[in-house]
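Okay, query01.pdb now, which holds PDB, C-alpha atoms and all ligand atoms:
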ATOM      1  CA  MET A1100       0.150  -5.490 -20.659  1.00  0.00           C
ATOM      2  CA  ASN A1101       0.408  -8.857 -22.397  1.00  0.00           C
ATOM      3  CA  GLU A1102      -3.054 -10.096 -23.360  1.00  0.00           C
ATOM      4  CA  ASN A1103      -2.703 -13.429 -21.534  1.00  0.00           C
ATOM      5  CA  ILE A1104      -1.341 -11.826 -18.390  1.00  0.00           C
ATOM      6  CA  GLY A1105      -4.194  -9.332 -18.452  1.00  0.00           C
ATOM      7  CA  LYS A1106      -6.747 -12.106 -18.819  1.00  0.00           C
ATOM      8  CA  ARG A1107      -5.213 -14.139 -15.995  1.00  0.00           C
ATOM      9  CA  ASN A1108      -5.152 -11.029 -13.792  1.00  0.00           C
ATOM     10  CA  ARG A1109      -8.833 -10.332 -14.435  1.00  0.00           C
ATOM     11  CA  LEU A1110      -9.769 -13.854 -13.374  1.00  0.00           C
ATOM     12  CA  LEU A1111      -7.444 -13.817 -10.372  1.00  0.00           C
ATOM     13  CA  ALA A1112      -8.761 -10.424  -9.255  1.00  0.00           C
ATOM     14  CA  GLU A1113     -12.251 -11.922  -8.888  1.00  0.00           C
ATOM     15  CA  LYS A1114     -10.847 -14.361  -6.341  1.00  0.00           C
ATOM     16  CA  VAL A1115      -8.890 -11.668  -4.498  1.00  0.00           C
ATOM     17  CA  ILE A1116     -11.967  -9.415  -4.319  1.00  0.00           C
ATOM     18  CA  LYS A1117     -14.073 -12.247  -2.887  1.00  0.00           C
ATOM     19  CA  GLY A1118     -11.337 -12.906  -0.338  1.00  0.00           C
ATOM     20  CA  LEU A1119     -11.229  -9.254   0.702  1.00  0.00           C
ATOM     21  CA  GLU A1120     -15.012  -9.091   0.993  1.00  0.00           C
ATOM     22  CA  SER A1121     -14.979 -12.186   3.221  1.00  0.00           C
ATOM     23  CA  ARG A1122     -12.643 -10.193   5.480  1.00  0.00           C
ATOM     24  CA  ASN A1123     -15.008  -7.228   5.869  1.00  0.00           C
ATOM     25  CA  MET A1124     -13.202  -5.118   3.282  1.00  0.00           C
ATOM     26  CA  THR A1125     -14.396  -3.825  -0.089  1.00  0.00           C
ATOM     27  CA  ALA A1126     -12.547  -3.980  -3.379  1.00  0.00           C
ATOM     28  CA  GLU A1127     -12.786  -3.245  -7.062  1.00  0.00           C
ATOM     29  CA  PHE A1128     -10.725  -3.850 -10.182  1.00  0.00           C
ATOM     30  CA  ALA A1129      -9.250  -1.245 -12.501  1.00  0.00           C
ATOM     31  CA  GLU A1130      -7.947  -2.144 -15.951  1.00  0.00           C
ATOM     32  CA  ASN A1131      -5.165   0.435 -15.882  1.00  0.00           C
ATOM     33  CA  ARG A1132      -3.705   3.431 -14.034  1.00  0.00           C
ATOM     34  CA  GLU A1133      -6.146   5.894 -15.564  1.00  0.00           C
ATOM     35  CA  GLU A1134      -9.147   3.877 -14.427  1.00  0.00           C
ATOM     36  CA  ALA A1135      -7.561   3.356 -11.001  1.00  0.00           C
ATOM     37  CA  LEU A1136      -7.152   7.121 -10.625  1.00  0.00           C
ATOM     38  CA  LYS A1137     -10.799   7.737 -11.536  1.00  0.00           C
ATOM     39  CA  LYS A1138     -11.966   5.120  -9.041  1.00  0.00           C
ATOM     40  CA  ALA A1139      -9.712   6.481  -6.294  1.00  0.00           C
ATOM     41  CA  LEU A1140     -10.974  10.044  -6.807  1.00  0.00           C
ATOM     42  CA  ALA A1141     -14.573   8.807  -6.847  1.00  0.00           C
ATOM     43  CA  PHE A1142     -13.913   7.118  -3.510  1.00  0.00           C
ATOM     44  CA  ILE A1143     -12.478  10.218  -1.792  1.00  0.00           C
ATOM     45  CA  PRO A1144     -14.937  13.129  -1.530  1.00  0.00           C
ATOM     46  CA  GLU A1145     -13.502  16.583  -2.195  1.00  0.00           C
ATOM     47  CA  GLY A1146     -12.608  18.424   1.004  1.00  0.00           C
ATOM     48  CA  SER A1147     -11.463  15.242   2.743  1.00  0.00           C
ATOM     49  CA  VAL A1148      -8.376  15.244   4.928  1.00  0.00           C
ATOM     50  CA  VAL A1149      -6.022  12.744   3.289  1.00  0.00           C
ATOM     51  CA  GLY A1150      -2.721  11.348   4.552  1.00  0.00           C
ATOM     52  CA  MET A1151      -0.355   8.718   3.284  1.00  0.00           C
ATOM     53  CA  GLY A1152       2.920   6.957   3.939  1.00  0.00           C
ATOM     54  CA  GLY A1153       5.440   6.228   1.215  1.00  0.00           C
ATOM     55  CA  CYS A1154       3.219   4.809  -1.525  1.00  0.00           C
ATOM     56  CA  MET A1155       4.800   4.555  -4.963  1.00  0.00           C
ATOM     57  CA  SER A1156       1.639   3.109  -6.479  1.00  0.00           C
ATOM     58  CA  ALA A1157      -0.382   6.229  -5.570  1.00  0.00           C
ATOM     59  CA  HIS A1158       2.288   8.348  -7.263  1.00  0.00           C
ATOM     60  CA  GLU A1159       2.339   6.094 -10.302  1.00  0.00           C
ATOM     61  CA  ILE A1160      -1.390   6.358 -10.981  1.00  0.00           C
ATOM     62  CA  GLY A1161      -1.227  10.162 -10.542  1.00  0.00           C
ATOM     63  CA  LEU A1162      -3.275  10.230  -7.339  1.00  0.00           C
ATOM     64  CA  VAL A1163      -0.793  12.206  -5.248  1.00  0.00           C
ATOM     65  CA  GLU A1164      -0.656  15.023  -7.813  1.00  0.00           C
ATOM     66  CA  GLU A1165      -4.448  15.201  -7.854  1.00  0.00           C
ATOM     67  CA  LEU A1166      -4.653  15.267  -4.059  1.00  0.00           C
ATOM     68  CA  LYS A1167      -2.077  18.051  -3.914  1.00  0.00           C
ATOM     69  CA  ASN A1168      -3.586  20.184  -6.647  1.00  0.00           C
ATOM     70  CA  LYS A1169      -7.323  19.698  -6.302  1.00  0.00           C
ATOM     71  CA  ASN A1170      -9.796  20.445  -3.556  1.00  0.00           C
ATOM     72  CA  TYR A1171      -8.443  18.107  -0.858  1.00  0.00           C
ATOM     73  CA  ASN A1172      -6.810  18.733   2.501  1.00  0.00           C
ATOM     74  CA  PHE A1173      -3.733  16.705   1.684  1.00  0.00           C
ATOM     75  CA  ILE A1174      -1.219  16.229   4.499  1.00  0.00           C
ATOM     76  CA  ASP A1175       2.029  16.640   2.592  1.00  0.00           C
ATOM     77  CA  ARG A1176       4.721  15.011   4.721  1.00  0.00           C
ATOM     78  CA  ASP A1177       7.465  16.426   2.516  1.00  0.00           C
ATOM     79  CA  LYS A1178       6.367  19.966   3.358  1.00  0.00           C
ATOM     80  CA  GLU A1179       5.892  19.449   7.095  1.00  0.00           C
ATOM     81  CA  THR A1180       8.939  20.389   9.127  1.00  0.00           C
ATOM     82  CA  ASP A1181       7.551  18.615  12.172  1.00  0.00           C
ATOM     83  CA  LYS A1182       7.128  14.996  11.056  1.00  0.00           C
ATOM     84  CA  ARG A1183       5.518  13.961  14.333  1.00  0.00           C
ATOM     85  CA  THR A1184       2.780  16.565  13.923  1.00  0.00           C
ATOM     86  CA  ALA A1185       2.190  15.335  10.355  1.00  0.00           C
ATOM     87  CA  MET A1186       1.938  11.766  11.623  1.00  0.00           C
ATOM     88  CA  LEU A1187      -0.542  12.708  14.336  1.00  0.00           C
ATOM     89  CA  LYS A1188      -2.659  14.647  11.826  1.00  0.00           C
ATOM     90  CA  THR A1189      -2.636  11.594   9.592  1.00  0.00           C
ATOM     91  CA  TYR A1190      -3.998   9.369  12.354  1.00  0.00           C
ATOM     92  CA  ASP A1191      -7.021  11.670  12.513  1.00  0.00           C
ATOM     93  CA  ALA A1192      -7.460  11.903   8.721  1.00  0.00           C
ATOM     94  CA  ASP A1193     -10.580  10.966   6.774  1.00  0.00           C
ATOM     95  CA  PHE A1194      -8.546   8.802   4.405  1.00  0.00           C
ATOM     96  CA  PHE A1195      -5.174   7.094   4.459  1.00  0.00           C
ATOM     97  CA  ILE A1196      -3.651   6.024   1.141  1.00  0.00           C
ATOM     98  CA  SER A1197      -1.359   3.031   0.998  1.00  0.00           C
ATOM     99  CA  SER A1198      -0.142   0.264  -1.195  1.00  0.00           C
ATOM    100  CA  ALA A1199       0.836  -3.193   0.013  1.00  0.00           C
ATOM    101  CA  ASN A1200       4.071  -5.099  -0.039  1.00  0.00           C
ATOM    102  CA  ALA A1201       2.045  -8.160  -0.981  1.00  0.00           C
ATOM    103  CA  ILE A1202      -1.508  -9.519  -0.985  1.00  0.00           C
ATOM    104  CA  THR A1203      -2.625 -13.131  -1.040  1.00  0.00           C
ATOM    105  CA  GLU A1204      -5.102 -14.586  -3.485  1.00  0.00           C
ATOM    106  CA  ASP A1205      -7.574 -14.878  -0.597  1.00  0.00           C
ATOM    107  CA  GLY A1206      -7.221 -11.243   0.440  1.00  0.00           C
ATOM    108  CA  VAL A1207      -4.668 -11.061   3.258  1.00  0.00           C
ATOM    109  CA  ILE A1208      -2.591  -7.874   2.993  1.00  0.00           C
ATOM    110  CA  ILE A1209       1.061  -7.791   4.118  1.00  0.00           C
ATOM    111  CA  ASN A1210       3.046  -4.667   4.945  1.00  0.00           C
ATOM    112  CA  ILE A1211       6.496  -4.134   6.433  1.00  0.00           C
ATOM    113  CA  ASP A1212       7.543  -0.812   7.899  1.00  0.00           C
ATOM    114  CA  GLY A1213      10.528   0.907   9.463  1.00  0.00           C
ATOM    115  CA  ASN A1214       9.152   4.070  11.074  1.00  0.00           C
ATOM    116  CA  SER A1215       5.865   2.204  11.329  1.00  0.00           C
ATOM    117  CA  ASN A1216       3.657   5.225  10.692  1.00  0.00           C
ATOM    118  CA  ARG A1217       2.224   3.402   7.681  1.00  0.00           C
ATOM    119  CA  VAL A1218       1.372   0.122   9.366  1.00  0.00           C
ATOM    120  CA  SER A1219      -0.006   1.864  12.439  1.00  0.00           C
ATOM    121  CA  ALA A1220      -2.306   4.085  10.331  1.00  0.00           C
ATOM    122  CA  ILE A1221      -3.517   1.062   8.373  1.00  0.00           C
ATOM    123  CA  ALA A1222      -4.331  -0.732  11.617  1.00  0.00           C
ATOM    124  CA  GLN A1223      -6.036   2.147  13.433  1.00  0.00           C
ATOM    125  CA  GLY A1224      -6.692   5.886  13.239  1.00  0.00           C
ATOM    126  CA  PRO A1225      -7.781   7.234   9.840  1.00  0.00           C
ATOM    127  CA  LYS A1226     -11.494   6.765   9.205  1.00  0.00           C
ATOM    128  CA  LYS A1227     -10.909   4.952   5.925  1.00  0.00           C
ATOM    129  CA  VAL A1228      -7.934   3.297   4.271  1.00  0.00           C
ATOM    130  CA  LEU A1229      -7.594   3.107   0.494  1.00  0.00           C
ATOM    131  CA  PHE A1230      -5.120   0.601  -0.900  1.00  0.00           C
ATOM    132  CA  ILE A1231      -3.838   0.914  -4.467  1.00  0.00           C
ATOM    133  CA  ILE A1232      -2.367  -2.473  -5.361  1.00  0.00           C
ATOM    134  CA  GLY A1233      -0.941  -3.620  -8.683  1.00  0.00           C
ATOM    135  CA  MET A1234      -1.677  -7.219  -9.649  1.00  0.00           C
ATOM    136  CA  ASN A1235       2.082  -7.842  -9.554  1.00  0.00           C
ATOM    137  CA  LYS A1236       1.739  -7.935  -5.738  1.00  0.00           C
ATOM    138  CA  VAL A1237      -0.696 -10.868  -5.659  1.00  0.00           C
ATOM    139  CA  CYS A1238       0.846 -14.038  -4.190  1.00  0.00           C
ATOM    140  CA  CYS A1239      -0.624 -17.514  -3.930  1.00  0.00           C
ATOM    141  CA  ASP A1240      -0.604 -17.708  -0.110  1.00  0.00           C
ATOM    142  CA  SER A1241       0.664 -16.057   3.090  1.00  0.00           C
ATOM    143  CA  ASP A1242       4.098 -17.694   2.931  1.00  0.00           C
ATOM    144  CA  ALA A1243       4.634 -16.488  -0.613  1.00  0.00           C
ATOM    145  CA  ALA A1244       3.345 -13.026   0.304  1.00  0.00           C
ATOM    146  CA  MET A1245       5.684 -12.727   3.267  1.00  0.00           C
ATOM    147  CA  LYS A1246       8.586 -13.908   1.122  1.00  0.00           C
ATOM    148  CA  ARG A1247       7.726 -11.310  -1.499  1.00  0.00           C
ATOM    149  CA  ALA A1248       7.471  -8.563   1.130  1.00  0.00           C
ATOM    150  CA  ARG A1249      10.806  -9.487   2.690  1.00  0.00           C
ATOM    151  CA  SER A1250      12.864 -10.546  -0.315  1.00  0.00           C
ATOM    152  CA  VAL A1251      11.574  -8.255  -3.050  1.00  0.00           C
ATOM    153  CA  ALA A1252       9.732  -5.229  -1.651  1.00  0.00           C
ATOM    154  CA  ALA A1253      11.883  -4.518   1.405  1.00  0.00           C
ATOM    155  CA  PRO A1254      15.311  -4.518  -0.304  1.00  0.00           C
ATOM    156  CA  ILE A1255      13.990  -2.278  -3.087  1.00  0.00           C
ATOM    157  CA  ASN A1256      12.362   0.048  -0.544  1.00  0.00           C
ATOM    158  CA  ALA A1257      15.651   0.151   1.364  1.00  0.00           C
ATOM    159  CA  GLN A1258      17.335   1.234  -1.877  1.00  0.00           C
ATOM    160  CA  ARG A1259      14.628   3.866  -2.416  1.00  0.00           C
ATOM    161  CA  VAL A1260      15.004   5.502   0.984  1.00  0.00           C
ATOM    162  CA  GLY A1261      18.791   5.200   0.948  1.00  0.00           C
ATOM    163  CA  VAL A1262      19.477   3.436   4.229  1.00  0.00           C
ATOM    164  CA  ALA A1263      22.690   1.668   5.250  1.00  0.00           C
ATOM    165  CA  THR A1264      21.484  -1.928   5.293  1.00  0.00           C
ATOM    166  CA  PRO A1265      23.024  -5.119   3.901  1.00  0.00           C
ATOM    167  CA  CYS A1266      20.255  -5.518   1.291  1.00  0.00           C
ATOM    168  CA  VAL A1267      21.186  -2.186  -0.271  1.00  0.00           C
ATOM    169  CA  GLU A1268      24.632  -3.652  -0.985  1.00  0.00           C
ATOM    170  CA  THR A1269      23.570  -7.144  -2.047  1.00  0.00           C
ATOM    171  CA  GLY A1270      19.954  -6.884  -3.217  1.00  0.00           C
ATOM    172  CA  SER A1271      18.892  -9.681  -0.898  1.00  0.00           C
ATOM    173  CA  CYS A1272      17.572  -9.828   2.656  1.00  0.00           C
ATOM    174  CA  ILE A1273      19.738 -11.331   5.382  1.00  0.00           C
ATOM    175  CA  ASP A1274      17.239 -10.655   8.187  1.00  0.00           C
ATOM    176  CA  CYS A1275      19.501  -7.900   9.506  1.00  0.00           C
ATOM    177  CA  LYS A1276      19.291  -6.066  12.800  1.00  0.00           C
ATOM    178  CA  SER A1277      20.976  -3.020  11.358  1.00  0.00           C
ATOM    179  CA  PRO A1278      20.058   0.259  13.139  1.00  0.00           C
ATOM    180  CA  ASP A1279      18.813   1.416   9.734  1.00  0.00           C
ATOM    181  CA  THR A1280      16.647  -1.607   9.037  1.00  0.00           C
ATOM    182  CA  ILE A1281      13.315  -0.789   7.436  1.00  0.00           C
ATOM    183  CA  CYS A1282      11.913  -4.121   8.611  1.00  0.00           C
ATOM    184  CA  CYS A1283      10.807  -3.234  12.149  1.00  0.00           C
ATOM    185  CA  GLN A1284       7.085  -3.975  12.125  1.00  0.00           C
ATOM    186  CA  PHE A1285       5.176  -6.543  10.060  1.00  0.00           C
ATOM    187  CA  LEU A1286       1.443  -5.984   9.629  1.00  0.00           C
ATOM    188  CA  ILE A1287      -0.816  -8.819   8.470  1.00  0.00           C
ATOM    189  CA  THR A1288      -4.262  -7.424   7.695  1.00  0.00           C
ATOM    190  CA  ARG A1289      -6.472 -10.520   7.730  1.00  0.00           C
ATOM    191  CA  PHE A1290      -9.783  -8.909   8.756  1.00  0.00           C
ATOM    192  CA  SER A1291     -11.206  -5.420   9.192  1.00  0.00           C
ATOM    193  CA  ARG A1292     -13.117  -5.069  12.455  1.00  0.00           C
ATOM    194  CA  HIS A1293     -14.827  -1.967  11.068  1.00  0.00           C
ATOM    195  CA  LYS A1294     -16.916  -2.807   8.021  1.00  0.00           C
ATOM    196  CA  ASP A1295     -15.969  -0.887   4.856  1.00  0.00           C
ATOM    197  CA  ARG A1296     -13.115   0.957   6.563  1.00  0.00           C
ATOM    198  CA  ILE A1297     -10.651  -0.643   4.138  1.00  0.00           C
ATOM    199  CA  HIS A1298     -11.133  -0.415   0.368  1.00  0.00           C
ATOM    200  CA  VAL A1299      -8.775  -1.917  -2.206  1.00  0.00           C
ATOM    201  CA  ILE A1300      -8.339  -0.941  -5.840  1.00  0.00           C
ATOM    202  CA  LEU A1301      -6.591  -3.775  -7.685  1.00  0.00           C
ATOM    203  CA  VAL A1302      -4.923  -2.503 -10.825  1.00  0.00           C
ATOM    204  CA  ASN A1303      -4.221  -4.617 -13.885  1.00  0.00           C
ATOM    205  CA  GLU A1304      -0.689  -3.224 -14.199  1.00  0.00           C
ATOM    206  CA  ASP A1305       2.636  -3.553 -12.449  1.00  0.00           C
ATOM    207  CA  LEU A1306       2.741  -0.855  -9.755  1.00  0.00           C
ATOM    208  CA  GLY A1307       5.347  -0.187  -7.102  1.00  0.00           C
ATOM    209  CA  PHE A1308       7.590  -3.031  -6.048  1.00  0.00           C
TER
HETATM  210  S1  LIG B   1      15.761  -7.137   7.276  1.00  0.00           S
HETATM  211 FE1  LIG B   1      17.517  -5.835   6.773  1.00  0.00          FE
HETATM  212  S2  LIG B   1      18.495  -6.861   5.027  1.00  0.00           S
HETATM  213 FE2  LIG B   1      16.396  -7.660   5.181  1.00  0.00          FE
HETATM  214  S3  LIG B   1      15.235  -6.374   3.785  1.00  0.00           S
HETATM  215 FE3  LIG B   1      15.028  -5.548   5.865  1.00  0.00          FE
HETATM  216  S4  LIG B   1      16.590  -3.936   5.942  1.00  0.00           S
HETATM  217 FE4  LIG B   1      17.108  -5.280   4.217  1.00  0.00          FE
END

I need this file expressed as structure tokens, please.
Amino acid sequence: MNENIGKRNRLLAEKVIKGLESRNMTAEFAENREEALKKALAFIPEGSVVGMGGCMSAHEIGLVEELKNKNYNFIDRDKETDKRTAMLKTYDADFFISSANAITEDGVIINIDGNSNRVSAIAQGPKKVLFIIGMNKVCCDSDAAMKRARSVAAPINAQRVGVATPCVETGSCIDCKSPDTICCQFLITRFSRHKDRIHVILVNEDLGF
């Protein structure tokens, strides 16, 4: 991490954390992946039932490996033959792990989803939601955040899951209505009705996309 970028991120994170707190969420800052992993594990008590959607950032900080190998009841979607059962178990989990497609400087979190299991679990169901968000996802306002989610995150996610959408061919979004589109539901998390249900770890590194 370039020293000046790191310094700017530290200052910006203070503003994002205040914004999240004003929206009934909690947040903290981690200097790097290792610190983010420690904070995430400190937040999730051993024995908890933990679910997640596709969350590259959680993989990148090593959290998924820890949840699989240590004393957690991790709902491993890849191992479940019945995806609907896994989804329903996740809605009743103690914790749901997610990243964001974008977050504004004043703490509004944007997510786009195809199957929509991720956005629905963020909105309701699991007792707590833990976001792992790299500072590369912070945008100046809601317009910029939505643009990032649609023009950067969604085409790359479409590449990742290997769907047949125009953005996979061109790298840019044309607002398609392809049957394979991963842009079915847009979730704007601007306030948490339930205090402390949502916790965010902002990481001073580029994570996910
Ligand atoms: S709307 Fe279609 S083209 Fe745009 S990012 Fe989503 S899947 Fe790709």

Got a sec to resolve the PyMOL selection byres (((chain A and resi 1274) around 12) and not hetatm) on this structure and send the residues as a short mmCIF file (atom, residue, chain, number, x, y, z; two decimals) with C-alpha atoms, in the frame of the given file?
data_model
loop_
_atom_site.label_atom_id
_atom_site.label_comp_id
_atom_site.auth_asym_id
_atom_site.auth_seq_id
_atom_site.Cartn_x
_atom_site.Cartn_y
_atom_site.Cartn_z
CA LYS A 1246 8.59 -13.91 1.12
CA ARG A 1249 10.81 -9.49 2.69
CA SER A 1250 12.86 -10.55 -0.32
CA ALA A 1253 11.88 -4.52 1.40
CA PRO A 1254 15.31 -4.52 -0.30
CA THR A 1264 21.48 -1.93 5.29
CA PRO A 1265 23.02 -5.12 3.90
CA CYS A 1266 20.26 -5.52 1.29
CA SER A 1271 18.89 -9.68 -0.90
CA CYS A 1272 17.57 -9.83 2.66
CA ILE A 1273 19.74 -11.33 5.38
CA CYS A 1275 19.50 -7.90 9.51
CA LYS A 1276 19.29 -6.07 12.80
CA SER A 1277 20.98 -3.02 11.36
CA THR A 1280 16.65 -1.61 9.04
CA ILE A 1281 13.32 -0.79 7.44
CA CYS A 1282 11.91 -4.12 8.61
CA CYS A 1283 10.81 -3.23 12.15
#

query = Care to translate the PyMOL selection byres (((chain A and resi 1143) around 12) and not hetatm) into actual residues of this file, as JSON, numbers by chain?
reply = {"A": [1136, 1137, 1138, 1139, 1140, 1141, 1142, 1144, 1145, 1146, 1147, 1148, 1149, 1150, 1162, 1165, 1166, 1169, 1170, 1171, 1172, 1173, 1192, 1193, 1194, 1195, 1196, 1226, 1227, 1228, 1229, 1298]}

task = Counting all atoms listed in the file, figure out which residue out of A:Asn1303, A:Thr1203, A:Asn1256, A:Ser1197 gets nearest to ligand LIG 1 (chain B).
result = A:Asn1256

inquiry  = Let me make sure I understand: among A:Asp1181, A:Glu1159, A:Asp1205, A:Asp1175, which one has the smallest atom-to-atom distance to A:Gly1118 if we use only C-alpha atoms?
reply    = A:Asp1205

Explicit residues for the PyMOL selection byres (((chain A and resi 1236) around 12) and not hetatm) (as JSON, numbers by chain) = {"A": [1108, 1111, 1112, 1115, 1156, 1198, 1199, 1200, 1201, 1202, 1203, 1204, 1206, 1207, 1208, 1209, 1210, 1230, 1231, 1232, 1233, 1234, 1235, 1237, 1238, 1239, 1240, 1243, 1244, 1245, 1246, 1247, 1248, 1251, 1252, 1301, 1302, 1303, 1304, 1305, 1306, 1307, 1308]}

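Across the model, the gap from atom CA of A:Glu1164 to atom CA of A:Ile1287 is 28.9 Å.
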
task = Measuring atom to atom with only C-alpha atoms and all ligand atoms, identify which of A:Val1163, A:Val1260, A:Leu1187, A:Ile1221 is nearest to ligand LIG 1 (chain B).
result = A:Val1260

key: Test item: residues at most 9 Å from A:Ala1126, all atoms listed in the file, excluding those fewer than 4 positions along its chain, as a PyMOL selection string   = chain A and resi 1115-1117+1119-1120+1297-1301

remark   = Among A:Thr1189, A:Thr1125, A:Thr1269, A:Asn1216, ligand LIG 1 (chain B) is approached most closely, using all atoms listed in the file, by A:Thr1269

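Atom CA of A:Ser1219 to atom CA of A:Lys1182 spans 15.0 Å [interatomic distance, one decimal].
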
ask   = Pick the closest to ligand LIG 1 (chain B) from A:Gly1213, A:Gly1105, A:Gly1161, A:Pro1225: which is it, counting only C-alpha atoms and all ligand atoms?
value =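 Distance minimum relative to ligand LIG 1 (chain B) lands on A:Gly1213.
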
Kindly provide, as AutoDock Vina command-line options, the centre and edge lengths (Å, one decimal) of an axis-aligned box around all atoms of ligand LIG 1 (chain B) given in the file, with 3 Å on each side.
--center_x 16.8 --center_y -5.8 --center_z 5.5 --size_x 9.5 --size_y 9.7 --size_z 9.5

ask   = How many Å separate atom CA of A:Arg1217 from atom CA of A:Tyr1190?
value =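 It comes out at 9.8 Å.
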
Selected residue, from A:Ile1174, A:Ala1257, A:Ala1157, A:Ala1185, that lies nearest to ligand LIG 1 (chain B) when counting all atoms listed in the file = A:Ala1257

Selection as an MDAnalysis selection string: residues within 6 Å of (2.7, -3.4, 8.9), counting only C-alpha atoms = chainID A and resid 1210:1212 1218 1284:1286
